[in-house]
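Raw contents of model_25.txt, compact mmCIF, C-alpha atoms:
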```txt
# COMPACT_ATOMS: atom_id res chain seq x y z
CA MET A 1 122.08 59.78 66.65
CA VAL A 2 121.14 62.17 69.39
CA THR A 3 119.37 65.28 68.19
CA GLY A 4 121.00 68.43 69.46
CA GLY A 5 124.15 66.55 70.41
CA PRO A 6 126.58 68.73 68.46
CA ALA A 7 124.85 71.89 69.65
CA LEU A 8 125.20 70.75 73.25
CA LEU A 9 128.86 69.94 72.74
CA ASP A 10 129.34 73.32 71.15
CA ALA A 11 127.75 75.05 74.14
CA ARG A 12 130.03 73.13 76.48
CA ARG A 13 133.07 74.11 74.47
CA ALA A 14 132.04 77.77 74.38
CA ARG A 15 131.54 77.67 78.13
CA ARG A 16 135.01 76.23 78.66
CA VAL A 17 136.53 79.02 76.56
CA ALA A 18 134.68 81.76 78.48
CA GLU A 19 135.39 80.15 81.84
CA ARG A 20 139.14 80.41 81.34
CA VAL A 21 139.25 84.17 80.83
CA PRO A 22 141.26 85.70 83.72
CA ASP A 23 139.80 88.47 85.84
CA PRO A 24 141.46 91.78 84.92
CA GLU A 25 142.03 92.82 88.53
CA LEU A 26 142.63 89.44 90.20
CA PRO A 27 144.28 87.63 87.29
CA MET A 28 145.06 84.53 89.36
CA LEU A 29 141.29 83.88 89.15
CA THR A 30 139.24 83.13 86.09
CA LEU A 31 135.90 84.85 85.63
CA ALA A 32 134.33 81.49 86.51
CA ASP A 33 136.37 81.28 89.76
CA LEU A 34 135.16 84.76 90.68
CA GLY A 35 131.55 83.85 89.96
CA VAL A 36 130.91 86.73 87.57
CA LEU A 37 130.40 84.50 84.52
CA ARG A 38 126.77 83.60 85.03
CA ASP A 39 125.85 81.76 81.85
CA VAL A 40 127.05 80.74 78.40
CA GLU A 41 124.66 79.49 75.75
CA VAL A 42 124.76 78.94 72.01
CA ARG A 43 121.68 80.00 70.09
CA ALA A 44 120.29 78.04 67.14
CA ASP A 45 121.89 80.55 64.76
CA GLY A 46 125.32 79.90 66.31
CA THR A 47 125.52 83.11 68.35
CA VAL A 48 127.25 82.61 71.68
CA VAL A 49 125.57 84.54 74.47
CA ALA A 50 127.73 84.99 77.58
CA SER A 51 126.24 86.64 80.67
CA LEU A 52 128.38 88.56 83.14
CA THR A 53 127.52 90.26 86.41
CA PRO A 54 129.55 93.09 87.98
CA THR A 55 131.02 92.57 91.44
CA TYR A 56 130.45 96.21 92.50
CA SER A 57 128.35 98.88 90.75
CA GLY A 58 131.44 100.94 90.04
CA CYS A 59 133.68 98.06 89.01
CA PRO A 60 135.87 99.68 86.32
CA ALA A 61 136.84 96.29 84.93
CA MET A 62 133.41 95.39 83.50
CA ALA A 63 134.11 96.77 80.02
CA GLU A 64 137.46 94.97 80.03
CA MET A 65 135.81 91.68 81.05
CA ARG A 66 133.21 92.00 78.31
CA ALA A 67 135.89 92.72 75.72
CA ASP A 68 138.10 89.83 76.91
CA VAL A 69 135.32 87.24 76.85
CA ALA A 70 134.18 88.36 73.40
CA ALA A 71 137.76 88.31 72.07
CA ARG A 72 138.49 84.82 73.44
CA LEU A 73 135.28 83.41 72.02
CA ARG A 74 135.95 84.96 68.63
CA ALA A 75 139.48 83.58 68.68
CA ALA A 76 137.98 80.14 69.41
CA GLY A 77 136.02 80.37 66.18
CA TYR A 78 132.69 81.80 67.27
CA ALA A 79 131.95 84.54 64.77
CA ARG A 80 128.89 85.87 66.53
CA VAL A 81 129.25 86.71 70.21
CA GLU A 82 126.89 88.62 72.44
CA ILE A 83 127.76 89.66 75.98
CA ARG A 84 124.91 90.36 78.35
CA THR A 85 125.03 92.16 81.69
CA VAL A 86 123.04 90.52 84.46
CA LEU A 87 122.27 92.68 87.49
CA ASP A 88 119.88 90.40 89.31
CA PRO A 89 120.60 88.63 91.58
CA PRO A 90 123.51 90.85 92.66
CA TRP A 91 126.95 89.28 92.88
CA THR A 92 127.93 87.87 96.22
CA SER A 93 131.42 86.83 97.32
CA ASP A 94 129.85 83.43 98.16
CA TRP A 95 130.00 82.75 94.41
CA ILE A 96 133.81 82.62 94.46
CA THR A 97 134.47 78.92 93.87
CA GLY A 98 136.49 76.59 96.08
CA SER A 99 139.27 76.55 93.52
CA GLY A 100 139.11 80.37 93.39
CA ARG A 101 139.53 80.52 97.16
CA ARG A 102 142.53 78.20 97.05
CA LYS A 103 144.14 80.32 94.34
CA LEU A 104 143.59 83.50 96.36
CA ILE A 105 145.34 81.97 99.38
CA GLU A 106 148.20 80.72 97.18
CA HIS A 107 148.68 84.31 96.04
CA GLY A 108 148.66 85.78 99.53
CA ILE A 109 145.09 87.10 99.46
CA ALA A 110 142.65 86.05 102.17
CA PRO A 111 139.36 84.75 100.73
CA PRO A 112 136.04 86.13 102.00
CA GLY A 113 134.08 84.57 104.83
CA ARG A 114 130.41 83.78 104.43
CA ALA A 115 128.40 86.77 103.16
CA PRO A 116 125.74 88.11 105.54
CA ARG A 117 122.11 87.24 104.80
CA GLY A 118 119.38 89.85 104.99
CA PRO A 119 119.73 93.41 106.26
CA VAL A 120 123.07 94.06 107.96
CA PRO A 121 122.72 96.10 111.17
CA LEU A 122 125.11 98.90 112.04
CA VAL A 123 127.61 97.46 114.53
CA LEU A 124 129.97 99.77 116.36
CA SER A 125 131.82 97.27 118.52
CA PRO A 126 134.67 95.33 116.91
CA THR A 127 132.84 92.02 116.63
CA ARG A 128 134.25 90.92 113.30
CA PRO A 129 136.13 87.63 113.67
CA ALA A 130 139.80 87.86 112.75
CA VAL A 131 140.65 86.92 109.18
CA PRO A 132 143.24 84.10 109.10
CA CYS A 133 146.57 85.14 107.58
CA PRO A 134 146.81 83.62 104.08
CA ARG A 135 150.57 83.12 104.53
CA CYS A 136 151.03 81.61 107.98
CA GLY A 137 147.43 80.81 108.98
CA SER A 138 147.62 82.80 112.22
CA ARG A 139 144.42 84.37 113.51
CA ASP A 140 146.36 87.09 115.29
CA THR A 141 145.56 89.62 112.55
CA GLU A 142 144.08 93.10 112.36
CA GLU A 143 142.38 95.29 109.80
CA THR A 144 144.45 98.27 108.67
CA SER A 145 142.02 99.68 106.14
CA ARG A 146 138.47 98.82 105.17
CA PHE A 147 139.33 99.53 101.54
CA ALA A 148 142.27 98.56 99.33
CA ALA A 149 143.50 98.79 95.76
CA THR A 150 140.20 97.51 94.39
CA SER A 151 136.63 97.87 95.65
CA CYS A 152 136.39 94.18 96.51
CA LYS A 153 139.30 94.09 98.97
CA ALA A 154 140.34 95.40 102.41
CA LEU A 155 143.83 95.63 103.92
CA TRP A 156 144.88 93.54 106.90
CA ARG A 157 148.14 92.66 108.59
CA CYS A 158 149.36 89.63 110.46
CA ARG A 159 150.85 90.18 113.90
CA SER A 160 152.53 86.75 113.85
CA CYS A 161 154.44 86.78 110.57
CA ARG A 162 154.25 90.59 110.24
CA GLU A 163 153.08 90.43 106.63
CA PRO A 164 150.42 92.80 105.36
CA PHE A 165 147.80 91.09 103.18
CA GLU A 166 144.71 91.84 101.16
CA TYR A 167 141.38 90.32 102.01
CA VAL A 168 138.40 89.91 99.69
CA LYS A 169 135.43 91.37 101.56
CA GLU A 170 132.28 89.35 102.00
CA ILE A 171 129.25 90.99 100.43
CA MET B 172 156.61 81.50 92.80
CA SER B 173 154.60 81.87 89.63
CA ASP B 174 152.32 84.40 91.26
CA ASP B 175 155.01 87.07 90.97
CA HIS B 176 154.18 87.35 87.33
CA VAL B 177 150.49 86.75 87.28
CA TYR B 178 149.78 90.46 86.84
CA LEU B 179 152.05 90.63 83.81
CA THR B 180 149.57 88.51 81.88
CA LEU B 181 147.28 91.52 81.93
CA ALA B 182 149.59 93.37 79.58
CA GLU B 183 149.62 90.56 77.03
CA GLY B 184 147.71 90.77 73.79
CA HIS B 185 146.29 94.23 74.40
CA GLU B 186 147.54 96.47 71.66
CA ASP B 187 144.24 98.21 72.01
CA ASP B 188 144.51 99.71 75.49
CA THR B 189 141.64 102.14 75.05
CA ARG B 190 139.36 99.89 77.09
CA TRP B 191 141.01 101.21 80.21
CA ALA B 192 140.78 104.77 78.91
CA TYR B 193 139.54 107.68 80.95
CA GLY B 194 137.27 110.41 79.73
CA THR B 195 133.88 110.04 78.10
CA GLY B 196 132.06 107.67 75.80
CA PHE B 197 132.26 104.51 77.89
CA GLU B 198 130.30 101.51 76.82
CA ASP B 199 126.74 101.45 78.10
CA PRO B 200 126.90 100.01 81.64
CA LEU B 201 123.49 98.37 81.09
CA HIS B 202 124.74 96.67 77.92
CA GLY B 203 122.60 93.64 77.17
CA VAL B 204 120.09 94.26 79.96
CA ASP B 205 116.40 94.00 79.03
CA THR B 206 115.26 97.61 78.63
CA ALA B 207 111.48 97.11 78.57
CA VAL B 208 109.47 99.16 81.04
CA PRO B 209 106.99 96.91 82.88
CA GLU B 210 103.31 97.61 82.46
CA GLY B 211 101.89 99.88 85.11
CA VAL B 212 105.17 101.75 85.60
CA ASP B 213 105.06 105.42 84.60
CA ALA B 214 108.15 105.88 82.45
CA GLY B 215 108.47 109.62 83.15
CA GLU B 216 108.22 109.10 86.88
CA LEU B 217 110.71 106.24 86.78
CA ALA B 218 113.19 108.34 84.80
CA ALA B 219 112.85 111.26 87.22
CA GLN B 220 113.41 108.94 90.17
CA CYS B 221 116.53 107.47 88.55
CA VAL B 222 117.96 110.91 87.70
CA ALA B 223 117.44 112.24 91.25
CA LEU B 224 119.15 109.23 92.82
CA ALA B 225 121.94 109.36 90.25
CA ASP B 226 122.47 113.07 90.90
CA ASP B 227 122.79 112.44 94.66
CA ALA B 228 125.43 109.82 93.88
CA LEU B 229 127.34 111.79 91.25
CA VAL B 230 127.54 114.98 93.31
CA GLY B 231 128.37 113.00 96.47
CA ALA B 232 131.11 111.11 94.62
CA GLN B 233 132.60 114.36 93.35
CA ARG B 234 132.83 115.75 96.91
CA LEU B 235 134.52 112.53 98.06
CA ALA B 236 136.95 112.63 95.14
CA GLU B 237 138.08 116.07 96.30
CA TRP B 238 139.82 114.30 99.20
CA ILE B 239 142.21 112.54 96.85
CA THR B 240 145.72 113.81 97.68
CA ARG B 241 144.26 115.70 100.67
CA ALA B 242 143.05 113.02 103.09
CA PRO B 243 144.72 112.74 106.51
CA GLU B 244 146.02 109.24 105.75
CA LEU B 245 146.56 107.31 102.53
CA GLU B 246 144.17 104.58 103.71
CA GLU B 247 141.40 107.14 104.12
CA GLU B 248 142.04 108.55 100.70
CA VAL B 249 141.70 105.06 99.23
CA ALA B 250 138.55 104.48 101.27
CA LEU B 251 136.85 107.73 100.23
CA ALA B 252 137.82 107.15 96.59
CA ASN B 253 136.37 103.64 96.68
CA ILE B 254 133.14 104.84 98.25
CA GLY B 255 132.94 107.51 95.55
CA LEU B 256 133.55 104.85 92.92
CA ASP B 257 130.63 102.77 94.19
CA LEU B 258 128.41 105.85 94.03
CA LEU B 259 129.66 106.69 90.55
CA GLY B 260 128.80 103.15 89.46
CA GLN B 261 125.29 103.54 90.85
CA ALA B 262 124.96 106.88 89.06
CA ARG B 263 126.06 105.44 85.72
CA LEU B 264 123.49 102.64 85.88
CA LEU B 265 120.71 105.02 86.97
CA TYR B 266 121.45 107.66 84.30
CA THR B 267 121.55 104.96 81.66
CA ARG B 268 118.24 103.60 82.87
CA ALA B 269 116.72 107.11 82.82
CA GLY B 270 117.84 107.63 79.23
CA GLN B 271 116.30 104.33 78.19
CA VAL B 272 112.89 105.11 79.60
CA ASP B 273 112.39 108.89 79.30
CA GLY B 274 112.18 108.78 75.53
CA THR B 275 115.23 110.99 74.92
CA GLY B 276 117.70 108.14 74.44
CA ARG B 277 120.35 110.18 76.28
CA ASP B 278 123.42 108.33 77.51
CA GLU B 279 125.07 108.69 80.93
CA ASP B 280 127.44 111.42 79.67
CA ALA B 281 124.52 113.58 78.54
CA TYR B 282 123.14 113.58 82.07
CA ALA B 283 126.44 113.94 83.91
CA TYR B 284 128.24 116.46 81.72
CA PHE B 285 125.69 118.34 79.69
CA ARG B 286 123.02 119.48 82.12
CA ASP B 287 123.13 122.77 83.99
CA PRO B 288 122.79 123.20 87.76
CA ALA B 289 119.05 123.90 87.61
CA ASP B 290 118.55 120.52 85.88
CA PHE B 291 120.18 118.66 88.76
CA ARG B 292 117.86 117.07 91.32
CA ASN B 293 120.31 116.07 94.07
CA VAL B 294 119.53 116.95 97.67
CA THR B 295 121.46 120.05 98.69
CA LEU B 296 123.33 118.30 101.54
CA ALA B 297 125.28 116.36 98.89
CA GLU B 298 126.60 119.52 97.23
CA LEU B 299 127.87 121.41 100.32
CA PRO B 300 131.64 121.89 100.25
CA GLY B 301 133.41 119.57 102.68
CA GLY B 302 136.43 121.35 104.07
CA ASP B 303 136.62 119.42 107.30
CA PHE B 304 137.11 115.66 107.64
CA ALA B 305 134.59 115.61 110.51
CA PHE B 306 131.96 117.16 108.26
CA THR B 307 132.79 114.65 105.52
CA VAL B 308 132.23 111.63 107.77
CA VAL B 309 129.06 113.05 109.37
CA ARG B 310 127.58 113.85 105.96
CA LEU B 311 128.64 110.43 104.67
CA LEU B 312 126.95 108.76 107.62
CA VAL B 313 123.70 110.67 107.09
CA LEU B 314 123.59 110.24 103.32
CA SER B 315 124.58 106.55 103.46
CA SER B 316 122.02 105.78 106.14
CA TRP B 317 119.28 107.62 104.23
CA ARG B 318 120.14 106.15 100.83
CA LEU B 319 120.50 102.66 102.30
CA ALA B 320 117.05 102.78 103.90
CA HIS B 321 115.52 104.09 100.67
CA PHE B 322 117.34 101.53 98.50
CA ARG B 323 116.10 98.73 100.75
CA ARG B 324 112.57 99.78 99.86
CA LEU B 325 113.46 100.12 96.17
CA THR B 326 114.57 96.48 95.97
CA GLY B 327 110.84 95.80 95.70
CA HIS B 328 110.29 98.34 92.90
CA PRO B 329 108.30 97.03 89.91
CA ASP B 330 111.01 98.18 87.50
CA PRO B 331 113.49 95.29 87.51
CA VAL B 332 116.46 97.49 86.59
CA LEU B 333 115.91 100.02 89.38
CA ALA B 334 115.23 97.15 91.81
CA ALA B 335 118.49 95.42 90.78
CA VAL B 336 120.55 98.62 91.06
CA ALA B 337 119.09 99.10 94.53
CA ALA B 338 119.79 95.51 95.60
CA LYS B 339 123.41 95.88 94.58
CA GLY B 340 123.63 99.34 96.13
CA VAL B 341 122.34 98.07 99.48
CA LYS B 342 125.47 95.96 99.95
CA GLU B 343 127.73 98.87 99.07
CA LEU B 344 125.90 101.44 101.19
CA THR B 345 125.96 99.13 104.19
CA TYR B 346 129.74 99.23 103.95
CA HIS B 347 129.82 103.02 103.50
CA ARG B 348 127.62 103.57 106.53
CA GLN B 349 129.83 101.30 108.61
CA TYR B 350 132.96 103.19 107.56
CA ALA B 351 131.43 106.60 108.32
CA ALA B 352 129.97 105.44 111.65
CA GLN B 353 133.31 104.16 112.89
CA TRP B 354 135.01 107.45 112.07
CA CYS B 355 132.22 109.42 113.77
CA VAL B 356 132.70 107.40 116.95
CA ARG B 357 136.48 107.66 116.78
CA LEU B 358 136.41 111.43 116.36
CA GLY B 359 133.47 112.14 118.67
CA ASP B 360 135.07 110.03 121.39
CA GLY B 361 138.57 111.31 120.58
CA THR B 362 140.36 114.50 121.58
CA ASP B 363 138.74 117.77 122.66
CA GLU B 364 139.50 119.15 119.23
CA SER B 365 138.03 116.23 117.28
CA HIS B 366 134.97 116.25 119.56
CA ARG B 367 134.49 119.98 118.97
CA ARG B 368 134.71 119.52 115.21
CA MET B 369 132.24 116.65 115.28
CA ARG B 370 129.79 118.82 117.22
CA ALA B 371 130.19 121.58 114.65
CA ALA B 372 129.69 119.08 111.81
CA LEU B 373 126.47 117.79 113.36
CA GLU B 374 125.25 121.39 113.76
CA GLN B 375 125.94 121.97 110.09
CA VAL B 376 124.26 118.78 108.85
CA ALA B 377 121.19 118.69 111.11
CA PRO B 378 119.18 121.41 109.29
CA TYR B 379 119.37 119.41 106.05
CA LEU B 380 117.72 116.29 107.47
CA GLY B 381 114.28 117.75 106.73
CA GLU B 382 115.03 117.94 103.02
CA LEU B 383 116.17 114.31 102.99
CA HIS B 384 112.98 113.14 104.64
CA ALA B 385 110.86 115.27 102.33
CA ALA B 386 112.49 113.48 99.39
CA HIS B 387 112.27 109.94 100.81
CA ASP B 388 110.77 109.53 104.22
CA VAL B 389 112.90 106.95 105.97
CA ARG B 390 113.33 109.05 109.10
CA ASP B 391 112.97 106.18 111.58
CA GLU B 392 115.87 104.20 110.11
CA VAL B 393 118.07 107.29 109.86
CA ALA B 394 117.19 108.36 113.41
CA ASP B 395 118.07 104.88 114.72
CA ASP B 396 121.49 104.99 113.07
CA LEU B 397 122.20 108.53 114.24
CA ARG B 398 121.09 107.77 117.79
CA GLN B 399 123.36 104.73 117.93
CA VAL B 400 126.38 106.58 116.56
CA THR B 401 126.00 109.79 118.54
CA GLY B 402 125.40 107.74 121.69
CA ALA B 403 128.62 105.77 121.21
CA ALA B 404 130.51 108.93 120.24
CA GLY B 405 129.41 110.95 123.28
CA LEU B 406 127.59 113.44 121.06
CA THR B 407 124.03 114.61 120.78
CA LEU B 408 122.16 115.36 117.60
CA PRO B 409 121.17 119.02 117.71
CA VAL B 410 117.52 119.89 117.16
CA HIS B 411 117.15 122.33 114.31
CA ARG B 412 114.40 123.92 112.35
CA PRO B 413 114.81 122.31 108.94
CA LEU B 414 116.13 124.51 106.15
CA PRO B 415 113.76 124.73 103.23
CA GLY B 416 116.14 122.86 100.89
CA ARG B 417 114.58 122.03 97.56
CA GLY B 418 117.28 120.25 95.59
CA ARG B 419 114.74 117.76 94.25
CA ALA B 420 112.99 120.75 92.60
CA GLY B 421 116.22 121.98 91.04
CA GLU B 422 116.80 124.75 93.58
CA HIS B 423 120.39 124.59 94.76
CA THR B 424 122.90 126.37 96.94
CA GLU B 425 125.60 128.52 95.38
CA HIS B 426 127.98 125.57 95.82
CA LEU B 427 126.62 123.31 93.08
CA ALA B 428 127.59 125.45 90.08
CA PRO B 429 131.34 125.54 90.84
CA LEU B 430 131.30 121.79 91.55
CA LEU B 431 129.70 121.11 88.18
CA THR B 432 132.03 123.51 86.40
CA GLU B 433 134.95 121.43 87.58
CA LEU B 434 133.22 118.11 86.91
CA GLN B 435 131.99 119.05 83.43
CA GLY B 436 134.77 121.35 82.20
CA VAL B 437 136.84 118.89 80.19
CA ALA B 438 133.88 117.03 78.71
CA ARG B 439 132.34 120.31 77.52
CA ALA B 440 135.58 121.77 76.18
CA HIS B 441 136.47 118.56 74.33
CA PRO B 442 133.26 116.62 73.57
CA GLY B 443 133.92 112.93 73.13
CA ALA B 444 137.45 113.18 74.52
CA THR B 445 139.27 110.10 75.79
CA TRP B 446 142.76 109.96 77.18
```
Represent the structure from my file as structure tokens, please.
Amino acid sequence: MVTGGPALLDARRARRVAERVPDPELPMLTLADLGVLRDVEVRADGTVVASLTPTYSGCPAMAEMRADVAARLRAAGYARVEIRTVLDPPWTSDWITGSGRRKLIEHGIAPPGRAPRGPVPLVLSPTRPAVPCPRCGSRDTEETSRFAATSCKALWRCRSCREPFEYVKEI
Amino acid sequence: MSDDHVYLTLAEGHEDDTRWAYGTGFEDPLHGVDTAVPEGVDAGELAAQCVALADDALVGAQRLAEWITRAPELEEEVALANIGLDLLGQARLLYTRAGQVDGTGRDEDAYAYFRDPADFRNVTLAELPGGDFAFTVVRLLVLSSWRLAHFRRLTGHPDPVLAAVAAKGVKELTYHRQYAAQWCVRLGDGTDESHRRMRAALEQVAPYLGELHAAHDVRDEVADDLRQVTGAAGLTLPVHRPLPGRGRAGEHTEHLAPLLTELQGVARAHPGATW
């Protein structure tokens, strides 16, 4: 018999439940794909503690995410659920998983490039490399707006296939 | 393709749709964050610092929100609204932090909706009415540059909550500054009319720089950004005697009271309202 075995299994199960909750604004991604689910643990008294981090300070979906994770865990039989907000370290688009990136492309959204490290200087010349079109792969694309329907995205369009597309910004 | 319906899943199983409600009484944005104040940090000073930075953000966000339905292009309206949303998010976290540490236990609504103009500590540049798009982008450039430089320093603050809010804010403000700078260059280096309006906007903003530096002295970083942008835009930053703005002491222009009346009206008329 391995001491703590069932508890460990329970923690793994709770994690799997929380990991499958879809993001309220990019529902093709789970919260795990997006990298906002930071931790899931089960305390000795059976309380599940799930830690979430917001993508942007003003993300209006945080309350929704908290409620969804708590509801799914309760539905999976965990009577006591606690959701914690983690602010440090701040979310970075680098935490979007490989499977999350594939799902974004499948849904016509360009995934972010690598997030900048350290202080970002003000750059006035258009030095940003073109974002590949998620539909046809062309690099002949241009930004149409630095902001889109949600804080985490910008609007681009493809000059080859003529499709507009959203692009998850790297931060 | 299955993705056509992926958004429909959002509507499933949500009889209770109040989580997306507007109004007041949102859940604490610092829910589940350790609220202890580290040893050696003066709680009163920390709270005052948080309130001042939150007030800058809230008042700035309100001015940006005024562009909704009025911006020259839909994309710009979306951009200004998103920038305002980031600032609003920063304000919510900072007000909540202030209420945790100043001993009053006030929530974010108490700070945002139930204080009078003299209780606000925002710098006066944030409250000036922004009738012209050129003025909006010049002010946004100056305030973003100044707040960014100050937040970079605050990432090393001994209070872990303020430091974390700053670290997150740095990423957002970098983006705001970039947006504003590109518009400044485009308009400054644009038509005679846009150039003239940019010059007028710089004239209007320049006297308020002194108040910003008196609040948080990051003048070298701000000067670097302004020099770079005005240089690329074919503009020069006018030299002005600073106005004796004292927003951090609660002394405001006549423009703050009407802004707050609009911002606070519904919450005061219907306390606890959601819709």
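With the cut-off set to 7 Å and all atoms listed in the file counted, chain A residues close to chain B are Pro24, Pro27, Met28, Tyr56, Ser57, Gly58, Ala63, Glu64, Ile83, Arg84, Thr85, Val86, Leu87, Asp88, Pro90, His107, Val120, Leu122, Leu124, Ser145, Arg146, Phe147, Ala148, Ser151 and Ile171 of chain A.
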For the atom pair CA of Phe306 (chain B) and CA of Ala372 (chain B), what is the interatomic distance in Å to one decimal place?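 A separation of 4.6 Å between them.
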Tell me, in Å to one decimal, how far CA of Arg80 (chain A) is from CA of Val272 (chain B).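 Taking CA of Arg80 (chain A) and CA of Val272 (chain B), their separation equals 28.2 Å.
Closest approach to Glu374 (chain B) among B:Val309, B:Ala394, B:Val437, B:Leu430: B:Val309, based on all atoms listed in the file.
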Compile the contact shell of Trp91 (chain A) as a list in words: residues with an atom at most 7 Å away, counting all atoms listed in the file, same-chain residues fewer than 5 positions apart removed.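 The filter keeps Thr53, Pro54 and Thr55 of chain A.
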Because some atoms of region 139-159 of chain A are absent here, can you restore N, CA and C atoms and send them as a compact mmCIF listing (two decimals), in the coordinates of the input?
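Result file part.txt:
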```txt
# COMPACT_ATOMS: atom_id res chain seq x y z
N ARG A 139 145.63 83.55 113.37
CA ARG A 139 144.42 84.37 113.51
C ARG A 139 144.71 85.66 114.27
N ASP A 140 145.98 85.85 114.61
CA ASP A 140 146.36 87.09 115.29
C ASP A 140 146.60 88.16 114.21
N THR A 141 145.50 88.67 113.67
CA THR A 141 145.56 89.62 112.55
C THR A 141 144.70 90.82 112.86
N GLU A 142 144.93 91.92 112.15
CA GLU A 142 144.08 93.10 112.36
C GLU A 142 143.87 93.83 111.04
N GLU A 143 142.71 94.51 110.98
CA GLU A 143 142.38 95.29 109.80
C GLU A 143 143.16 96.60 109.84
N THR A 144 143.78 96.97 108.72
CA THR A 144 144.45 98.27 108.67
C THR A 144 143.66 99.27 107.84
N SER A 145 142.86 98.78 106.91
CA SER A 145 142.02 99.68 106.14
C SER A 145 140.83 98.90 105.59
N ARG A 146 139.66 99.51 105.65
CA ARG A 146 138.47 98.82 105.17
C ARG A 146 138.42 98.77 103.65
N PHE A 147 139.31 99.50 103.00
CA PHE A 147 139.33 99.53 101.54
C PHE A 147 140.77 99.31 101.08
N ALA A 148 140.92 98.80 99.86
CA ALA A 148 142.27 98.56 99.33
C ALA A 148 142.31 98.97 97.87
N ALA A 149 143.26 98.35 97.13
CA ALA A 149 143.50 98.79 95.76
C ALA A 149 142.31 98.58 94.83
N THR A 150 141.43 97.67 95.17
CA THR A 150 140.20 97.51 94.39
C THR A 150 139.03 97.50 95.35
N SER A 151 137.83 97.79 94.81
CA SER A 151 136.63 97.87 95.65
C SER A 151 136.39 96.59 96.46
N CYS A 152 136.80 95.45 95.89
CA CYS A 152 136.39 94.18 96.51
C CYS A 152 137.32 93.75 97.65
N LYS A 153 138.35 94.54 97.95
CA LYS A 153 139.30 94.09 98.97
C LYS A 153 139.49 95.09 100.12
N ALA A 154 139.94 94.57 101.27
CA ALA A 154 140.34 95.40 102.41
C ALA A 154 141.80 95.05 102.73
N LEU A 155 142.44 95.90 103.55
CA LEU A 155 143.83 95.63 103.92
C LEU A 155 143.91 95.14 105.36
N TRP A 156 144.66 94.09 105.56
CA TRP A 156 144.88 93.54 106.90
C TRP A 156 146.38 93.36 107.12
N ARG A 157 146.76 93.08 108.37
CA ARG A 157 148.14 92.66 108.59
C ARG A 157 148.16 91.57 109.65
N CYS A 158 149.21 90.76 109.56
CA CYS A 158 149.36 89.63 110.46
C CYS A 158 150.35 90.02 111.54
N ARG A 159 149.93 89.83 112.80
CA ARG A 159 150.85 90.18 113.90
C ARG A 159 151.87 89.07 114.13
```
